Every structure is written in structure tokens, then in C-alpha cells.
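Asker: What follows is a structure written as C-alpha cells; I'll ask about it next.
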2 protein chains.
Amino acid sequence: MATAKKRDPEAALALLWGEQGQPTRGPKPSLSAAGIAARAVEIADAEGLEAASMQRMGKEFGVTTMALYRYVPGRAELVELMVDTAMGTPQPVAGIAGGWRPQLAHWARQCWDMYRRHPWILTATAMRRQLMGPNQLAWLDAALGALAGTGLRPAEQHDAFLLVVGHVRNLTQQLTEEDAEAGAEWARLTGAVLERHGDRYPSLTAAVAAGAFAPGGGDPLDFGLERILDGVQALVEERR
Amino acid sequence: MATAKKRDPEAALALLWGEQGQPTRGPKPSLSAAGIAARAVEIADAEGLEAASMQRMGKEFGVTTMALYRYVPGRAELVELMVDTAMGTPQPVAGIAGGWRPQLAHWARQCWDMYRRHPWILTATAMRRQLMGPNQLAWLDAALGALAGTGLRPAEQHDAFLLVVGHVRNLTQQLTEEDAEAGAEWARLTGAVLERHGDRYPSLTAAVAAGAFAPGGGDPLDFGLERILDGVQALVEERR
DNA sequence: CTAGAACTGCTTAGGTCTTAAACGGTTTCG
DNA sequence: CGAAACCGTTTAAGACCTAAGCAGTTCTAG
């Protein structure tokens, strides 16, 4: 079946944390979950998440598709492992001078780099309470470490964290969409539509004419990040 | 084939904008693209985007799966039409007193309601330059209308728009994930993990202990929206 | 008024994907 | 030395999307 199935979160977590007692009986395993995930990450980086199908991974290792199910409960669990593998470990944030704001900015930039290297993580973690592996928790921990310096209430720190990751993720999606050629085609088509129906969208027409949609020059992360950090800082100072 | 296929953006746009010359020759069509999309939206609302498959839609209307392809070039185009259909028209923002900030806040809240009604729009519009239909453009136009009052540079208005939609979308994703039961299970599992490996994540452990992850009481949209608008407002005043 | 063009919906078929189940071979433990 | 555990394979089932061709139906051009 392509859908549903009964998922076992315990098994998935054991896989993520590498907490399965390895067997002693039968033949030596020729593969490993970590190895499969690592190769799958490479493929997803190069060709997208869809390309890293079970069948493809089987071919990649010279085994049958079904052989993979000895190492991984199913596709969903493999993707979860891929996500944690691809994320890697963030640099610690404690060493950065200047308090929470430069620390959080550095964290965001690092996170952005990571997402740009592995844009498929976005779709893999969308619309689903993701089981978090060691690396994903490390990223969370690092951001919270920076935010602890704000003196905000705990719930507010959590909200601020979501705000920053959210921005990073949105930007990743925005920028990944554009691979120049496709972006130009899109702009052309949308421009043609606007030419026909522009009168229904006065503000949009004006903005386009003013060049609001022209490919920007600066660092795309900056604008939003600065606005968000300004907003958080205002709250921090208000609390003090 | 389940993948690839040659897409025809022109045809897709014609579908979105209802600009196909309707036929005069053969038998009366028993369905319509708009009708199919409308029903598909209902199904996606209730059971998720996956549930609104071609096969399912065929059954839904008492015809074969392939009959649908007389009305829609393919699944992708149907989803695009579903998105625009589900979005509907936003309330105009011009009538709201108090300038750009209340206008943008109202827009965001309205947008959030829309996304909460149709959370599948998130996954449908992820990782792909979406062809925009009339309704989607109307939402964009409304937001830009509010932002025009800021006096920011055009590119900055665009960036600010992305910041606000991004927040709304992130929050939708965040909140849709939690359907209480699943959320509790997730919290339990993550708690158990943290109990075992907590020493590796000091900041996270502290935050959890302080209740940062306890289900919050207030309006979840508020925190981020206020921070973002504060940040934008600071820039507006700096420009003045 | 009558072909034929155009359009309808259906059938057939081929390709993708995940995964359940059973089977023979291999390794180690009791 | 048997039996249990584990390996990779084969087989097969059920989901999905869609290309291609076929038999009717309806309008229009000649």
C-alpha cells in the first residue's frame, strides 16, 4: 500500500538515536541504516527527495528494494533519519560575543546555510510532527541557548525561536524555487497575466511597476532577520 | 508515469483564469473544472490533499478516472485550481482605519483563518513556483495595498510582505500538526528522549523545565505578528 | 440533409511507488 | 548438532498518474 500503514514511533526513535541492539545470530549485514541514509541524503541533495525512493536506494547498493526493509522500518522512517543526518551539528553559539542578538543572528545564518544545502528537508518536515533526532535537538538547543540571554519568559523564548526558524525556512523555500531559468519563465507568465487583468490589482500593478519584484541584490535573509530581531529586542527592552 | 510529464503552463493559466473557449460541438459536458475543483477542496479539507486523488474524484462524480482528464490537463493543474478556489477573495483592506499597521494585521489574521480552513494549501504550494490564479493575486494585492502606506521602498514592501505571509504559513503548519492526541503522544515521546539524553541539551532541558513548551493560552498568531510589525514600524520611522 | 469534425466518456494498458509475506541460505548460540 | 535468528530474494498486492485508442453524440459546413 502506498499510504497509511501502522507506524511504530518507538522503533523510529530507536533508529534515530541508534539505540537498537545489533544482532549476533545471522549473516553479517552488508548495509546499515546510517549508510543508507547518508547515500539517500546525497541523492536528495542532487535530485530531490522523490528521487531517493526505496527502489532507487536498492539499486544504489546493488540489492533488492526489499532488502532495505531489514535496516529501516519503512520509507517514512528513512526520511526522518535522512533529515537528522543532513542537519548535522550546529556550531555552539556560546562563544559569540555581543549577547543574544549576534548569537541568534549567527545561528539563523548557519541554519540557512544548512537548509540551502538540503532544501528537501522543508518538504520532509512539512505538515507533520517530526520525531526529532539528536542533531535536530542540537539545533533547537543552540537557538534556545542564545535566547536564554534575552530574559524573556520561557514561552516567549519558544515563540521567538519559532519566529526565527520560520523565517529561515520561508526564505529557503522562496529562494529554492528560483533556479533562474524557471524564475524567468514564471516572471514572464505572471507578467503577461497582469497585463491582461492588471486593473483588478492596482496595488500589485503599482508595486511591479516600481520594481518591487525585481531580483534583489542584497542578502535575502537580512531584511526579515533584522526586522524580527528588532521586534524581539524591543520586547526585551520593554521587559527590562 | 507517476512523475515528470511535460507541463504546459499556458494551458494551466488558461484553466486558472477560466479563459478557455468552451466547445460547441460534441455532447454536453457533464462536469466542469470548477466543479471538480470545488468538490476536491471539500475532500482535501476533510481528509487531506492526498485523499483528493484522481481516482477518488472520479468515484465522487460517478465517472471513470480518465474522464477527468477531459476537464483538467493533469493532477498538478487540478491542485493549482484547488488552491485558487480554496483561497477565495480577501476582504479589502482599504476601509480599515489606523493606517498600514492595523490593515496589515487584519490581513494577516484573515489569511491565517483561510490557511487554517485549508491547511493542505501549505503542502500544495511548497517548493514550487506556483502559477497564481485570480484569487491568489487578490490576496497579494490586498497586502501590498496595506504596505503601500508605509512609505518603504518597493523592494522592502515586498520583503515585508514575505515576512508576514511566512509567519502566517509557519504558524499554520505548527498548529495544524497538533491535533491534541497526536500532540500529547509526541510530547510524551520527546520527553522520554530528553530524559535519557538531557545532559547533551542543557538549554533545551532548562526551557522545558521552565514550561516553554507547555501549550500556550493566548492567540498563537499574536506574538510573532507583533514582533514583526514592531520591526517593520521601526524601519518605517527610521525612514521618515 | 448528410458527411465529417469535434467532443464526450470509457477501456486498456504501462509505468511509478510502497510494502506484506513466504522462502532458502547462513551464522551463532544452547 | 539442532534450532533460533537473521540475511537477501522472490512474489505479489494495492495504491497512484496518465498515454492511447475506441465508440458514441452533437453540431456545423458544404
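Each chain of the C-alpha cells is named A, B, ... in the order shown, its residues numbered from 1; ligands are numbered from 1 in display order.
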Please list as a count of residues only every residue within 9 Å of A:Leu131, counting only C-alpha atoms (C1' of nucleotides) and excluding residues in the same chain fewer than 4 positions away.
Answerer: 8
Asker: Provide as a ChimeraX atom specification the residues of chain B at most 9 Å from chain C, counting only C-alpha atoms (C1' of nucleotides).
Answerer: /B:1-3,23-30,63-64,66-67,70
Asker: Which polymer residues have any atom within 12 Å of an atom of A:Arg109, counting only C-alpha atoms (C1' of nucleotides), with same-chain residues fewer than 3 positions away left out, as a count of residues only?
Answerer: 28
Asker: Where does DSSP see alpha helix (DSSP H) in stretch 20-232 of chain A, if you list the residues as a PyMOL selection string?
Answerer: chain A and resi 33-47+54-61+75-87+100-117+120-124+134-147+154-177+181-197+202-209+220-232
Asker: Find the residues in chain B near chain A: any atom within 8 Å counts, using only C-alpha atoms. Write them as a PyMOL selection string.
Answerer: chain B and resi 123+126-129+131-132+137-138+140-142+144-145+148+153-160+163+166-167+170+173-174+176-178+183+186+190+201-204+207+210-214+216+223-224+226-232+234-235
Asker: Nearest residue to chain B out of D:DG24, D:DG8, D:DG14, D:DG2, using only C-alpha atoms (C1' of nucleotides)?
Answerer: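 Ranking D:DG24, D:DG8, D:DG14, D:DG2 by distance to chain B, first place goes to D:DG24.
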Asker: Can you measure atom CA of A:Gln22 to atom CA of A:Thr65 for me? One decimal in Å is fine.
Answerer: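 Distance between the two atoms: 21.6 Å.
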Asker: Provide as a list in words the residues of chain D at most 10 Å from chain A, counting only C-alpha atoms (C1' of nucleotides).
Answerer: DA4, DA5, DC6, DC7, DG8, DT9, DT10, DA13, DG14, DA15 and DC16 of chain D
Asker: Export, as a PDB file, in the first residue's frame, the selected residues with N, CA and C atoms (P, O5', C5', C4', C3', O3' and C1' of nucleotides).
Answerer:
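Okay, part-v1.pdb is ready:
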```pdb
ATOM      1  P    DA D   4      13.376 -23.347  17.732  1.00  0.00           P
ATOM      2  O5'  DA D   4      13.818 -21.845  18.058  1.00  0.00           O
ATOM      3  C5'  DA D   4      14.861 -21.627  19.000  1.00  0.00           C
ATOM      4  C4'  DA D   4      15.689 -20.424  18.586  1.00  0.00           C
ATOM      5  C3'  DA D   4      14.887 -19.282  17.958  1.00  0.00           C
ATOM      6  O3'  DA D   4      15.264 -18.084  18.591  1.00  0.00           O
ATOM      7  C1'  DA D   4      16.712 -19.857  16.561  1.00  0.00           C
ATOM      8  P    DA D   5      14.512 -16.714  18.320  1.00  0.00           P
ATOM      9  O5'  DA D   5      15.536 -15.918  17.385  1.00  0.00           O
ATOM     10  C5'  DA D   5      16.875 -15.733  17.846  1.00  0.00           C
ATOM     11  C4'  DA D   5      17.715 -15.155  16.736  1.00  0.00           C
ATOM     12  C3'  DA D   5      17.059 -13.977  15.993  1.00  0.00           C
ATOM     13  O3'  DA D   5      18.013 -12.930  15.909  1.00  0.00           O
ATOM     14  C1'  DA D   5      17.816 -15.595  14.456  1.00  0.00           C
ATOM     15  P    DC D   6      17.559 -11.463  15.538  1.00  0.00           P
ATOM     16  O5'  DC D   6      18.129 -11.290  14.060  1.00  0.00           O
ATOM     17  C5'  DC D   6      19.519 -11.462  13.823  1.00  0.00           C
ATOM     18  C4'  DC D   6      19.739 -11.779  12.372  1.00  0.00           C
ATOM     19  C3'  DC D   6      19.094 -10.792  11.392  1.00  0.00           C
ATOM     20  O3'  DC D   6      20.114 -10.026  10.774  1.00  0.00           O
ATOM     21  C1'  DC D   6      18.966 -13.060  10.662  1.00  0.00           C
ATOM     22  P    DC D   7      19.768  -8.848   9.797  1.00  0.00           P
ATOM     23  O5'  DC D   7      20.139  -9.411   8.353  1.00  0.00           O
ATOM     24  C5'  DC D   7      21.483  -9.774   8.076  1.00  0.00           C
ATOM     25  C4'  DC D   7      21.531 -10.571   6.800  1.00  0.00           C
ATOM     26  C3'  DC D   7      20.915  -9.849   5.606  1.00  0.00           C
ATOM     27  O3'  DC D   7      21.945  -9.270   4.815  1.00  0.00           O
ATOM     28  C1'  DC D   7      20.225 -12.171   5.738  1.00  0.00           C
ATOM     29  P    DG D   8      21.646  -8.090   3.825  1.00  0.00           P
ATOM     30  O5'  DG D   8      20.957  -8.825   2.599  1.00  0.00           O
ATOM     31  C5'  DG D   8      21.769  -9.549   1.680  1.00  0.00           C
ATOM     32  C4'  DG D   8      20.877 -10.305   0.738  1.00  0.00           C
ATOM     33  C3'  DG D   8      20.022  -9.408  -0.171  1.00  0.00           C
ATOM     34  O3'  DG D   8      20.311  -9.693  -1.530  1.00  0.00           O
ATOM     35  C1'  DG D   8      18.700 -11.088   0.885  1.00  0.00           C
ATOM     36  P    DT D   9      19.392  -9.048  -2.698  1.00  0.00           P
ATOM     37  O5'  DT D   9      18.302 -10.176  -3.004  1.00  0.00           O
ATOM     38  C5'  DT D   9      18.723 -11.546  -3.036  1.00  0.00           C
ATOM     39  C4'  DT D   9      17.583 -12.452  -3.452  1.00  0.00           C
ATOM     40  C3'  DT D   9      16.653 -11.857  -4.508  1.00  0.00           C
ATOM     41  O3'  DT D   9      16.556 -12.755  -5.608  1.00  0.00           O
ATOM     42  C1'  DT D   9      15.399 -12.621  -2.616  1.00  0.00           C
ATOM     43  P    DT D  10      15.819 -12.303  -6.949  1.00  0.00           P
ATOM     44  O5'  DT D  10      14.365 -12.947  -6.765  1.00  0.00           O
ATOM     45  C5'  DT D  10      14.247 -14.350  -6.514  1.00  0.00           C
ATOM     46  C4'  DT D  10      12.809 -14.710  -6.173  1.00  0.00           C
ATOM     47  C3'  DT D  10      11.775 -14.206  -7.186  1.00  0.00           C
ATOM     48  O3'  DT D  10      10.999 -15.306  -7.646  1.00  0.00           O
ATOM     49  C1'  DT D  10      11.134 -13.617  -4.961  1.00  0.00           C
ATOM     50  P    DA D  13      -1.575 -11.486  -6.062  1.00  0.00           P
ATOM     51  O5'  DA D  13      -2.298 -10.390  -5.153  1.00  0.00           O
ATOM     52  C5'  DA D  13      -1.962 -10.316  -3.764  1.00  0.00           C
ATOM     53  C4'  DA D  13      -1.923  -8.876  -3.325  1.00  0.00           C
ATOM     54  C3'  DA D  13      -2.975  -7.994  -4.008  1.00  0.00           C
ATOM     55  O3'  DA D  13      -3.800  -7.415  -3.033  1.00  0.00           O
ATOM     56  C1'  DA D  13      -0.857  -6.947  -3.980  1.00  0.00           C
ATOM     57  P    DG D  14      -5.235  -6.901  -3.484  1.00  0.00           P
ATOM     58  O5'  DG D  14      -5.107  -5.330  -3.264  1.00  0.00           O
ATOM     59  C5'  DG D  14      -4.590  -4.825  -2.055  1.00  0.00           C
ATOM     60  C4'  DG D  14      -4.008  -3.460  -2.306  1.00  0.00           C
ATOM     61  C3'  DG D  14      -4.927  -2.534  -3.126  1.00  0.00           C
ATOM     62  O3'  DG D  14      -5.292  -1.422  -2.332  1.00  0.00           O
ATOM     63  C1'  DG D  14      -2.675  -2.438  -3.870  1.00  0.00           C
ATOM     64  P    DA D  15      -6.412  -0.411  -2.840  1.00  0.00           P
ATOM     65  O5'  DA D  15      -5.587   0.796  -3.473  1.00  0.00           O
ATOM     66  C5'  DA D  15      -5.348   1.922  -2.684  1.00  0.00           C
ATOM     67  C4'  DA D  15      -4.071   2.615  -3.092  1.00  0.00           C
ATOM     68  C3'  DA D  15      -4.258   3.614  -4.239  1.00  0.00           C
ATOM     69  O3'  DA D  15      -4.715   4.859  -3.710  1.00  0.00           O
ATOM     70  C1'  DA D  15      -2.216   2.395  -4.418  1.00  0.00           C
ATOM     71  P    DC D  16      -5.545   5.783  -4.618  1.00  0.00           P
ATOM     72  O5'  DC D  16      -4.432   6.406  -5.577  1.00  0.00           O
ATOM     73  C5'  DC D  16      -3.354   7.121  -4.995  1.00  0.00           C
ATOM     74  C4'  DC D  16      -2.282   7.311  -6.036  1.00  0.00           C
ATOM     75  C3'  DC D  16      -2.784   7.924  -7.334  1.00  0.00           C
ATOM     76  O3'  DC D  16      -2.784   9.331  -7.212  1.00  0.00           O
ATOM     77  C1'  DC D  16      -1.186   6.176  -7.730  1.00  0.00           C
TER      78       DC D  16
END
```
Asker: Just give me the gap between atom CA of A:Gly35 and atom CA of A:Leu81 in Å, one decimal is fine.
Answerer: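 Pair atom CA of A:Gly35 / atom CA of A:Leu81 returns 10.5 Å.
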